Every structure is written in C-alpha cells, then in structure tokens.
$ cat query.txt   # compact mmCIF, C-alpha atoms and all ligand atoms
# COMPACT_ATOMS: atom_id res chain seq x y z
CA MET P 2 -1.81 -25.54 -15.80
CA LEU P 3 0.60 -23.10 -14.20
CA LYS P 4 0.29 -23.29 -10.41
CA ILE P 5 0.94 -20.02 -8.66
CA GLY P 6 1.13 -19.50 -4.91
CA VAL P 7 0.53 -15.93 -3.78
CA PHE P 8 0.55 -14.66 -0.21
CA ASP P 9 0.23 -11.60 1.96
CA SER P 10 -0.72 -10.94 5.56
CA GLY P 11 -4.30 -10.31 4.48
CA LEU P 12 -6.33 -8.50 1.85
CA GLY P 13 -3.50 -6.43 0.39
CA GLY P 14 -2.05 -9.07 -1.91
CA LEU P 15 -5.43 -9.28 -3.63
CA THR P 16 -4.50 -6.04 -5.36
CA VAL P 17 -1.71 -8.07 -6.98
CA VAL P 18 -4.12 -10.93 -7.75
CA GLN P 19 -6.35 -8.38 -9.52
CA SER P 20 -3.43 -7.64 -11.83
CA LEU P 21 -2.68 -11.35 -12.31
CA ALA P 22 -6.32 -11.92 -13.24
CA LYS P 23 -5.99 -9.31 -16.03
CA TYR P 24 -3.03 -11.04 -17.69
CA VAL P 25 -2.68 -14.68 -16.69
CA LYS P 26 -4.56 -17.59 -18.28
CA GLY P 27 -4.32 -21.37 -18.06
CA ALA P 28 -3.38 -21.21 -14.40
CA GLN P 29 -4.45 -21.89 -10.84
CA ILE P 30 -3.79 -19.21 -8.26
CA PHE P 31 -3.63 -20.31 -4.62
CA TYR P 32 -3.78 -17.24 -2.39
CA ILE P 33 -3.05 -17.25 1.32
CA ALA P 34 -4.15 -14.34 3.48
CA ASP P 35 -2.14 -14.90 6.65
CA THR P 36 -4.58 -12.94 8.77
CA LYS P 37 -3.59 -14.90 11.86
CA ASN P 38 -0.22 -13.14 11.81
CA ALA P 39 -1.24 -9.74 10.40
CA PRO P 40 0.01 -7.10 10.44
CA TYR P 41 3.44 -8.24 9.27
CA GLY P 42 4.73 -4.67 9.16
CA GLU P 43 4.94 -4.41 12.90
CA LYS P 44 6.66 -7.79 13.47
CA THR P 45 10.41 -8.56 13.58
CA SER P 46 12.11 -9.61 10.37
CA GLN P 47 12.82 -13.03 11.93
CA GLN P 48 9.09 -13.56 12.56
CA ILE P 49 8.16 -12.41 9.06
CA LEU P 50 10.79 -14.73 7.57
CA GLN P 51 9.32 -17.69 9.48
CA PHE P 52 5.73 -16.92 8.35
CA SER P 53 6.97 -16.72 4.76
CA LEU P 54 8.93 -19.99 4.94
CA ASP P 55 5.94 -21.82 6.48
CA ILE P 56 3.64 -20.57 3.73
CA ALA P 57 6.10 -21.43 0.94
CA ALA P 58 6.53 -24.96 2.35
CA TYR P 59 2.73 -25.33 2.53
CA PHE P 60 2.29 -24.25 -1.09
CA ILE P 61 4.98 -26.62 -2.28
CA GLN P 62 3.82 -29.66 -0.33
CA LYS P 63 0.10 -29.17 -0.78
CA HIS P 64 -0.23 -27.54 -4.20
CA HIS P 65 3.07 -28.31 -5.98
CA ILE P 66 3.40 -24.72 -7.16
CA ASP P 67 5.56 -23.64 -10.10
CA ALA P 68 5.69 -19.98 -9.07
CA LEU P 69 5.61 -18.11 -5.77
CA ILE P 70 4.56 -14.48 -5.62
CA VAL P 71 5.29 -12.65 -2.41
CA ALA P 72 2.48 -10.10 -2.73
CA CYS P 73 3.73 -8.17 0.26
CA ASN P 74 6.50 -5.59 0.39
CA THR P 75 7.19 -6.37 4.04
CA ALA P 76 7.62 -10.13 3.50
CA THR P 77 9.69 -9.51 0.37
CA SER P 78 12.08 -7.39 2.37
CA ALA P 79 12.44 -10.02 5.12
CA ALA P 80 12.32 -13.27 3.17
CA ILE P 81 12.91 -13.11 -0.59
CA GLN P 82 16.60 -13.87 -0.44
CA THR P 83 16.16 -16.95 1.80
CA LEU P 84 13.23 -18.18 -0.29
CA ARG P 85 15.31 -17.96 -3.47
CA GLU P 86 18.21 -19.79 -1.85
CA ARG P 87 15.94 -22.53 -0.52
CA TYR P 88 13.83 -23.05 -3.66
CA PRO P 89 16.04 -22.37 -6.70
CA GLN P 90 13.73 -24.38 -8.96
CA LEU P 91 10.75 -22.08 -8.34
CA ILE P 92 9.89 -18.87 -10.12
CA ILE P 93 9.91 -16.42 -7.20
CA ILE P 94 8.75 -12.85 -7.57
CA GLY P 95 8.62 -10.30 -4.79
CA THR P 96 6.98 -6.90 -4.39
CA GLU P 97 9.08 -3.80 -3.91
CA PRO P 98 8.02 -0.17 -3.50
CA GLY P 99 7.90 1.38 -6.98
CA VAL P 100 10.48 4.07 -6.27
CA LYS P 101 12.10 3.56 -9.67
CA PRO P 102 8.98 4.30 -11.76
CA ALA P 103 8.20 7.22 -9.43
CA ILE P 104 11.62 8.74 -10.07
CA GLU P 105 11.16 8.26 -13.82
CA GLN P 106 7.71 9.82 -13.83
CA THR P 107 7.86 12.70 -11.35
CA LEU P 108 7.74 16.24 -12.73
CA THR P 109 8.22 18.11 -9.46
CA GLY P 110 11.03 15.84 -8.20
CA LYS P 111 9.06 15.39 -4.94
CA ILE P 112 7.94 11.85 -4.23
CA GLY P 113 6.00 10.42 -1.31
CA VAL P 114 6.61 6.87 -0.13
CA LEU P 115 4.06 5.18 2.11
CA ALA P 116 4.95 1.77 3.55
CA THR P 117 4.89 -0.31 6.70
CA PRO P 118 7.45 0.43 9.43
CA ALA P 119 9.26 -2.88 8.69
CA THR P 120 9.57 -2.15 4.96
CA LEU P 121 10.98 1.34 5.46
CA LYS P 122 13.46 0.15 8.08
CA GLY P 123 14.51 -2.86 5.97
CA GLU P 124 17.91 -2.99 4.33
CA LYS P 125 16.32 -3.72 0.95
CA TYR P 126 14.36 -0.46 0.84
CA GLN P 127 17.22 1.59 2.29
CA GLN P 128 19.53 0.37 -0.46
CA LEU P 129 16.96 0.85 -3.23
CA ALA P 130 16.15 4.40 -2.15
CA SER P 131 19.73 5.52 -1.69
CA VAL P 132 20.92 4.13 -5.03
CA LEU P 133 17.98 5.50 -7.01
CA ALA P 134 17.95 8.91 -5.38
CA THR P 135 21.48 9.55 -6.61
CA GLU P 136 20.35 9.01 -10.23
CA LYS P 137 18.13 12.08 -10.32
CA ASP P 138 17.69 15.12 -8.11
CA VAL P 139 14.64 14.01 -6.15
CA THR P 140 13.38 14.36 -2.62
CA LEU P 141 11.67 11.36 -1.03
CA TYR P 142 9.07 12.00 1.67
CA GLU P 143 8.99 8.65 3.44
CA GLN P 144 6.17 7.87 5.82
CA ALA P 145 5.53 4.71 7.82
CA CYS P 146 1.83 4.07 8.36
CA PRO P 147 1.43 1.94 11.51
CA GLY P 148 -2.16 0.87 12.00
CA LEU P 149 -3.30 1.45 8.41
CA VAL P 150 -3.22 -2.23 7.47
CA GLU P 151 -5.48 -3.05 10.44
CA GLN P 152 -7.94 -0.33 9.42
CA ILE P 153 -8.12 -1.77 5.91
CA GLU P 154 -8.48 -5.33 7.19
CA LYS P 155 -11.42 -4.15 9.32
CA GLY P 156 -13.03 -2.72 6.21
CA GLU P 157 -12.49 0.85 7.51
CA ILE P 158 -11.49 2.18 4.12
CA ASP P 159 -12.83 5.72 4.38
CA THR P 160 -14.02 6.09 7.96
CA PRO P 161 -13.17 9.28 9.88
CA LYS P 162 -10.40 7.46 11.79
CA THR P 163 -8.67 6.22 8.62
CA LYS P 164 -9.00 9.65 6.98
CA LYS P 165 -7.51 11.34 10.05
CA MET P 166 -4.51 8.99 10.05
CA LEU P 167 -3.91 9.59 6.36
CA GLU P 168 -4.38 13.36 6.64
CA GLN P 169 -1.65 13.56 9.24
CA TRP P 170 0.76 11.37 7.25
CA LEU P 171 0.09 13.13 3.95
CA LYS P 172 0.35 16.69 5.28
CA PRO P 173 4.09 17.13 4.50
CA MET P 174 3.52 15.67 1.03
CA ARG P 175 0.60 17.99 0.34
CA GLU P 176 2.55 21.01 1.52
CA ASN P 177 5.66 20.16 -0.49
CA ASP P 178 4.43 19.74 -4.04
CA VAL P 179 4.66 15.96 -4.13
CA ASP P 180 3.24 14.73 -7.47
CA SER P 181 3.81 10.97 -7.12
CA ILE P 182 3.13 8.69 -4.19
CA VAL P 183 4.60 5.20 -4.03
CA LEU P 184 2.16 2.78 -2.41
CA GLY P 185 4.83 0.63 -0.77
CA CYS P 186 2.37 -1.80 0.78
CA THR P 187 -0.03 -3.90 -1.24
CA HIS P 188 -2.88 -2.93 1.09
CA TYR P 189 -2.62 0.76 0.28
CA PRO P 190 -4.21 0.78 -3.21
CA LEU P 191 -7.42 0.05 -1.29
CA VAL P 192 -7.24 3.57 0.18
CA GLY P 193 -6.07 5.14 -3.09
CA ASN P 194 -9.24 7.23 -3.47
CA VAL P 195 -8.93 8.58 0.06
CA ILE P 196 -5.29 9.52 -0.57
CA GLU P 197 -6.24 11.32 -3.79
CA SER P 198 -9.00 13.29 -2.10
CA ILE P 199 -6.73 14.35 0.78
CA MET P 200 -3.96 15.45 -1.60
CA GLN P 201 -6.47 17.70 -3.41
CA ARG P 202 -4.58 17.49 -6.68
CA GLU P 203 -3.91 15.07 -9.45
CA ILE P 204 -1.48 12.58 -8.07
CA ASN P 205 0.38 9.66 -9.61
CA LEU P 206 -0.25 6.71 -7.29
CA ILE P 207 2.29 3.99 -7.99
CA HIS P 208 1.89 0.31 -7.25
CA THR P 209 3.47 -2.59 -9.00
CA GLY P 210 0.78 -5.27 -9.47
CA ASP P 211 0.74 -5.06 -13.27
CA ALA P 212 4.54 -5.16 -13.49
CA ILE P 213 4.55 -8.30 -11.32
CA ALA P 214 1.97 -9.99 -13.56
CA ARG P 215 3.95 -9.18 -16.71
CA HIS P 216 7.18 -10.38 -15.15
CA LEU P 217 5.53 -13.65 -14.12
CA LEU P 218 4.34 -14.23 -17.68
CA TYR P 219 7.80 -13.52 -19.05
CA LEU P 220 9.41 -16.07 -16.70
CA ALA P 221 6.63 -18.66 -17.08
CA HIS P 222 6.79 -18.39 -20.89
CA LYS P 223 10.47 -19.34 -20.74
CA LYS P 224 9.38 -22.52 -18.93
CA GLY P 225 6.79 -23.36 -21.61
CA HIS P 226 3.62 -21.72 -20.25
CA GLU P 227 1.28 -20.90 -23.16
CA ASN P 228 -1.09 -18.56 -21.35
CA LYS P 229 -4.27 -20.07 -22.76
CA GLY P 230 -7.37 -21.38 -21.01
CA LYS P 231 -9.15 -20.53 -17.78
CA LEU P 232 -7.93 -19.12 -14.52
CA ASP P 233 -8.98 -20.54 -11.14
CA ILE P 234 -8.50 -18.50 -7.99
CA MET P 235 -8.52 -20.33 -4.66
CA LEU P 236 -8.38 -18.15 -1.60
CA TYR P 237 -7.34 -19.41 1.83
CA TYR P 238 -7.03 -17.55 5.11
CA THR P 239 -5.41 -18.47 8.43
CA GLU P 240 -7.88 -16.48 10.52
CA ASP P 241 -10.94 -14.39 9.73
CA ILE P 242 -10.98 -12.28 6.59
CA ASN P 243 -13.38 -9.58 5.47
CA GLN P 244 -15.21 -11.51 2.77
CA THR P 245 -17.19 -8.50 1.61
CA ILE P 246 -13.96 -6.77 0.59
CA VAL P 247 -12.64 -9.98 -0.95
CA ARG P 248 -15.69 -10.28 -3.21
CA MET P 249 -15.59 -6.59 -4.01
CA LEU P 250 -12.00 -6.94 -5.23
CA LEU P 251 -12.36 -10.21 -7.10
CA LYS P 252 -15.54 -11.39 -8.72
CA ASN P 253 -14.40 -14.84 -9.86
CA ILE P 254 -13.16 -16.78 -6.90
CA THR P 255 -13.39 -20.53 -7.33
CA LYS P 256 -13.02 -21.38 -3.66
CA ILE P 257 -12.61 -19.65 -0.31
CA ASP P 258 -11.64 -21.58 2.81
CA ALA P 259 -9.86 -21.47 6.18
CA ILE P 260 -6.60 -23.41 6.51
CA GLU P 261 -4.03 -24.31 9.12
CA ILE P 262 -0.34 -23.68 8.48
CA GLY P 263 2.50 -24.94 10.66
CA LYS P 264 1.43 -24.92 14.29
CA GLN P 265 -1.31 -22.36 13.74
CA LYS P 266 -4.88 -23.20 14.65
CA THR P 267 -7.70 -22.86 12.14
CA LYS P 268 -10.70 -20.67 12.66
CA GLY P 269 -13.55 -19.76 10.34
N1 LIG P 301 0.54 -5.87 2.44
C1 LIG P 301 1.78 -5.88 3.16
C2 LIG P 301 2.86 -5.14 2.41
O1 LIG P 301 2.80 -5.01 1.21
C3 LIG P 301 1.84 -5.44 4.57
C4 LIG P 301 0.95 -5.89 5.49
C5 LIG P 301 1.21 -5.92 6.92
O2 LIG P 301 1.79 -5.03 7.56
O3 LIG P 301 0.74 -6.91 7.38
O4 LIG P 301 3.80 -4.67 3.01
$ encode --input "query.txt" --output "structure tokens"
Amino acid sequence: MLKIGVFDSGLGGLTVVQSLAKYVKGAQIFYIADTKNAPYGEKTSQQILQFSLDIAAYFIQKHHIDALIVACNTATSAAIQTLRERYPQLIIIGTEPGVKPAIEQTLTGKIGVLATPATLKGEKYQQLASVLATEKDVTLYEQACPGLVEQIEKGEIDTPKTKKMLEQWLKPMRENDVDSIVLGCTHYPLVGNVIESIMQREINLIHTGDAIARHLLYLAHKKGHENKGKLDIMLYYTEDINQTIVRMLLKNITKIDAIEIGKQKTKG
C-alpha cells in the first residue's frame, strides 16, 4: 500500500484528491484540512512554513507516509524547498499555478491568474511568471483574491457576496480578451462555474490536479508501486470543516475525524 499524505488549509486540496482518486490505486490517502490556520494566503511565509512542517512531521510519525503532496499553492511557495531538504527520502510534490500550460494553450495571448496574496507575492511565482512570460508574447492579468478562500470554506460558492467579489476581480480579464484563467489556488476550482458565467465566454480554466496525480504515479512506479487494488481516503481536520462540501466533492471517504497537530487544540 502506498501511503500518501496530502494537505491544504481546508477544502481546496480536495480538488487535488479528486484527481488522485481518478488515477491512484492500491493506496491510502491521509488528507489534512488545516482549517484551524486557514486561510494560509493571508499569513506570513514563516507561519505557513511552520504549519507545513508540523503537518509533514505528523504524517511521518503517525502514518509513515511514502509521499507528501502539498495540495496548496500557498504552502508550496513557502515550504516546498525546506520540506525537500528535511525529508529527502520522501516523494514530495507541490502545487504551482499552471502558468506554463496556460501560455501553451492561449490563443489571444491574454491570461488571467487568480491566486492568494501570499502566492502572488512569493518568490516562486514571481520567478515562474517572469521566466515563462519571456518565452512567448503574453500578457498576464494577475489578481489576488483575499477573502475568497473564506467564502468557499463557508460554503458560499455562488452567493451574491462571492459573485460580487469575483465580478470585480474578473472585470479587467473580461474587458481584455483573456481566454485562459489559471486557478492558482486549489480552492478556486470550486467556484469555476461562477467564474465561467461572469466571463460570459468560453474560457480555459487551468488547474493542475490531474498533472499532480500523474506525476505521483510516475515517481511511485519508480519505487515499485504497482497501482493495483483499492484506495482508502482518510480525511482529518484541525478545526471545523464544511462536511456537506466534503461529501459533495468525494463520495468514497473511509474516515473523517478531527485531530490535533503540534500545540493546536482539537475541536469537532
Ligand atoms: N488552497 C490554498 C492554495 O492553493 C490556499 C488557501 C488559503 O489561503 O488558505 O493556495
């Protein structure tokens, strides 16, 4: 059995687990929604690094994982390098805004990028965007979306408030012939339909869950994983989580439970 630890600040990383569930067999997925510390995107990179290290240590000690998937763009930006240095024996895969596929696929050369404030400010994204943008003549319309993760966590997927926030952020993209939008936060596929309806045109929404799942299989195969048998999904949260949305996203969850990590207190 391949043991995979996956984490995010909340529901968002479940969009990556949905992709894992399509491809991965003979494995146990342990998912942590760190709702106690959400949203990550408005914390300092030092705080986000600490949350990530605590979760990785928990997965290793408690579940003896073989692979760690950072199903969060914000935590990837703040912590992936330190995680890789600290745990060289682990398969470690992060999540990065899909700017590269967007640049390959755009026809108008106008690309929107939605992400958390921390991801867009992070050195990792800044480097990625500046290197890629020199490869092709493209314009990136970058937009931080403070507050959107909280709306999604509350289950406010298409309420008037969420729509109003998105309308304001998407206005420059709608007015400037953007044909591809990078969902640079794993929560944002949950508002994909709202984004499409506001854009009022066919739009290529890019997120990288499937690419992560395929990459995991490639790396796990090299370590002898046969990808046969059943898949168990265990979901843990550090504070309350919207279980209706959880069950809407994933039908086959083996277990769902509250846990305590580091000095955090359990609730639920
Ligand atoms: N889902 C996370 C990401 O991909 C962000 C969540 C947050 O701000 O807590 O960036």
$ closest_residue --input "query.txt" --among "P:Asn177, P:Thr83, P:Gln51, P:Thr117" --to "ligand LIG 301 (chain P)" --atoms "all atoms listed in the file"
P:Thr117
$ residues_near_point --input "query.txt" --point "(-8.0, -16.9, 9.1)" --cutoff "8 Å" --atoms "only C-alpha atoms" --output "PyMOL selection string"
chain P and resi 34-37+237-242+259-260+267-269
$ residues_near_ligand --input "query.txt" --ligand "ligand LIG 301 (chain P)" --cutoff "7 Å" --atoms "all atoms listed in the file" --output "list in words"
Asp9, Ser10, Gly11, Gly13, Gly14, Ala39, Pro40, Tyr41, Gly42, Glu43, Ala72, Cys73, Asn74, Thr75, Ala76, Ala116, Thr117, Thr120, Val150, Gly185, Cys186, Thr187 and His188 of chain P
$ write_last_selection --input "query.txt" --atoms "C-alpha atoms" --output "mmCIF file, in the frame of the given file"
data_model
loop_
_atom_site.group_PDB
_atom_site.id
_atom_site.type_symbol
_atom_site.label_atom_id
_atom_site.label_comp_id
_atom_site.auth_asym_id
_atom_site.auth_seq_id
_atom_site.Cartn_x
_atom_site.Cartn_y
_atom_site.Cartn_z
ATOM 1 C CA ASP P 9 0.230 -11.600 1.960
ATOM 2 C CA SER P 10 -0.720 -10.940 5.560
ATOM 3 C CA GLY P 11 -4.300 -10.310 4.480
ATOM 4 C CA GLY P 13 -3.500 -6.430 0.390
ATOM 5 C CA GLY P 14 -2.050 -9.070 -1.910
ATOM 6 C CA ALA P 39 -1.240 -9.740 10.400
ATOM 7 C CA PRO P 40 0.010 -7.100 10.440
ATOM 8 C CA TYR P 41 3.440 -8.240 9.270
ATOM 9 C CA GLY P 42 4.730 -4.670 9.160
ATOM 10 C CA GLU P 43 4.940 -4.410 12.900
ATOM 11 C CA ALA P 72 2.480 -10.100 -2.730
ATOM 12 C CA CYS P 73 3.730 -8.170 0.260
ATOM 13 C CA ASN P 74 6.500 -5.590 0.390
ATOM 14 C CA THR P 75 7.190 -6.370 4.040
ATOM 15 C CA ALA P 76 7.620 -10.130 3.500
ATOM 16 C CA ALA P 116 4.950 1.770 3.550
ATOM 17 C CA THR P 117 4.890 -0.310 6.700
ATOM 18 C CA THR P 120 9.570 -2.150 4.960
ATOM 19 C CA VAL P 150 -3.220 -2.230 7.470
ATOM 20 C CA GLY P 185 4.830 0.630 -0.770
ATOM 21 C CA CYS P 186 2.370 -1.800 0.780
ATOM 22 C CA THR P 187 -0.030 -3.900 -1.240
ATOM 23 C CA HIS P 188 -2.880 -2.930 1.090
#
$ atom_distance --input "query.txt" --atom1 "CA of Ala22 (chain P)" --atom2 "CA of Glu105 (chain P)"
26.7 Å
$ closest_residue --input "query.txt" --among "P:Gly156, P:Pro173, P:Gly95, P:Pro190" --to "Lys111 (chain P)" --atoms "only C-alpha atoms"
P:Pro173
$ residues_around --input "query.txt" --residues "Val179 (chain P)" --least-positions-apart "4" --cutoff "7 Å" --atoms "all atoms listed in the file" --output "list in words"
Thr109, Lys111, Ile112, Gly113, Met174 and Arg175 of chain P
$ atom_distance --input "query.txt" --atom1 "CA of Leu171 (chain P)" --atom2 "CA of Glu151 (chain P)"
18.3 Å
$ closest_residue --input "query.txt" --among "P:Asp159, P:Glu124, P:Glu143, P:Asp180" --to "Thr107 (chain P)" --atoms "all atoms listed in the file"
P:Asp180
$ residues_around --input "query.txt" --residues "Phe60 (chain P)" --least-positions-apart "5" --cutoff "7 Å" --atoms "all atoms listed in the file" --output "compact mmCIF listing (two decimals) with C-alpha atoms, in the frame of the given file"
# COMPACT_ATOMS: atom_id res chain seq x y z
CA GLY P 6 1.13 -19.50 -4.91
CA HIS P 65 3.07 -28.31 -5.98
CA ILE P 66 3.40 -24.72 -7.16
$ decode --input "query.txt" --residues "region 77-99 of chain P" --atoms "N, CA and C atoms" --output "mmCIF file, in the first residue's frame"
data_model
loop_
_atom_site.group_PDB
_atom_site.id
_atom_site.type_symbol
_atom_site.label_atom_id
_atom_site.label_comp_id
_atom_site.auth_asym_id
_atom_site.auth_seq_id
_atom_site.Cartn_x
_atom_site.Cartn_y
_atom_site.Cartn_z
ATOM 1 N N THR P 77 3.079 25.523 -0.894
ATOM 2 C CA THR P 77 4.178 25.102 -1.777
ATOM 3 C C THR P 77 5.196 26.226 -1.889
ATOM 4 N N SER P 78 4.680 27.432 -2.109
ATOM 5 C CA SER P 78 5.563 28.575 -2.262
ATOM 6 C C SER P 78 6.406 28.788 -1.003
ATOM 7 N N ALA P 79 5.799 28.631 0.167
ATOM 8 C CA ALA P 79 6.513 28.935 1.418
ATOM 9 C C ALA P 79 7.379 27.778 1.921
ATOM 10 N N ALA P 80 7.028 26.538 1.575
ATOM 11 C CA ALA P 80 7.632 25.429 2.326
ATOM 12 C C ALA P 80 8.276 24.314 1.506
ATOM 13 N N ILE P 81 8.051 24.259 0.195
ATOM 14 C CA ILE P 81 8.461 23.039 -0.522
ATOM 15 C C ILE P 81 9.970 22.798 -0.449
ATOM 16 N N GLN P 82 10.727 23.875 -0.533
ATOM 17 C CA GLN P 82 12.179 23.719 -0.536
ATOM 18 C C GLN P 82 12.664 23.147 0.808
ATOM 19 N N THR P 83 12.166 23.689 1.912
ATOM 20 C CA THR P 83 12.570 23.198 3.238
ATOM 21 C C THR P 83 12.104 21.762 3.435
ATOM 22 N N LEU P 84 10.897 21.447 2.992
ATOM 23 C CA LEU P 84 10.396 20.076 3.137
ATOM 24 C C LEU P 84 11.301 19.100 2.399
ATOM 25 N N ARG P 85 11.705 19.480 1.194
ATOM 26 C CA ARG P 85 12.563 18.574 0.395
ATOM 27 C C ARG P 85 13.928 18.405 1.049
ATOM 28 N N GLU P 86 14.450 19.488 1.620
ATOM 29 C CA GLU P 86 15.753 19.375 2.292
ATOM 30 C C GLU P 86 15.637 18.482 3.528
ATOM 31 N N ARG P 87 14.546 18.646 4.268
ATOM 32 C CA ARG P 87 14.396 17.900 5.521
ATOM 33 C C ARG P 87 14.056 16.426 5.314
ATOM 34 N N TYR P 88 13.305 16.123 4.253
ATOM 35 C CA TYR P 88 12.853 14.731 4.047
ATOM 36 C C TYR P 88 13.238 14.221 2.652
ATOM 37 N N PRO P 89 14.556 14.043 2.415
ATOM 38 C CA PRO P 89 14.973 13.658 1.058
ATOM 39 C C PRO P 89 14.477 12.276 0.639
ATOM 40 N N GLN P 90 14.106 11.439 1.613
ATOM 41 C CA GLN P 90 13.650 10.083 1.273
ATOM 42 C C GLN P 90 12.212 10.054 0.757
ATOM 43 N N LEU P 91 11.471 11.121 1.009
ATOM 44 C CA LEU P 91 10.042 11.143 0.638
ATOM 45 C C LEU P 91 9.843 11.605 -0.798
ATOM 46 N N ILE P 92 8.807 11.083 -1.430
ATOM 47 C CA ILE P 92 8.337 11.701 -2.677
ATOM 48 C C ILE P 92 7.599 12.967 -2.223
ATOM 49 N N ILE P 93 7.995 14.118 -2.734
ATOM 50 C CA ILE P 93 7.306 15.358 -2.334
ATOM 51 C C ILE P 93 6.875 16.109 -3.594
ATOM 52 N N ILE P 94 5.591 16.357 -3.684
ATOM 53 C CA ILE P 94 5.073 17.058 -4.865
ATOM 54 C C ILE P 94 4.290 18.281 -4.404
ATOM 55 N N GLY P 95 4.587 19.402 -5.012
ATOM 56 C CA GLY P 95 3.876 20.631 -4.658
ATOM 57 C C GLY P 95 2.869 21.018 -5.731
ATOM 58 N N THR P 96 2.187 22.120 -5.482
ATOM 59 C CA THR P 96 1.190 22.632 -6.437
ATOM 60 C C THR P 96 1.614 24.039 -6.847
ATOM 61 N N GLU P 97 1.729 24.243 -8.144
ATOM 62 C CA GLU P 97 2.107 25.574 -8.619
ATOM 63 C C GLU P 97 1.085 26.074 -9.619
ATOM 64 N N PRO P 98 0.841 27.382 -9.663
ATOM 65 C CA PRO P 98 -0.109 27.893 -10.650
ATOM 66 C C PRO P 98 0.284 27.444 -12.060
ATOM 67 N N GLY P 99 -0.701 26.961 -12.818
ATOM 68 C CA GLY P 99 -0.424 26.390 -14.143
ATOM 69 C C GLY P 99 -0.178 27.438 -15.213
#
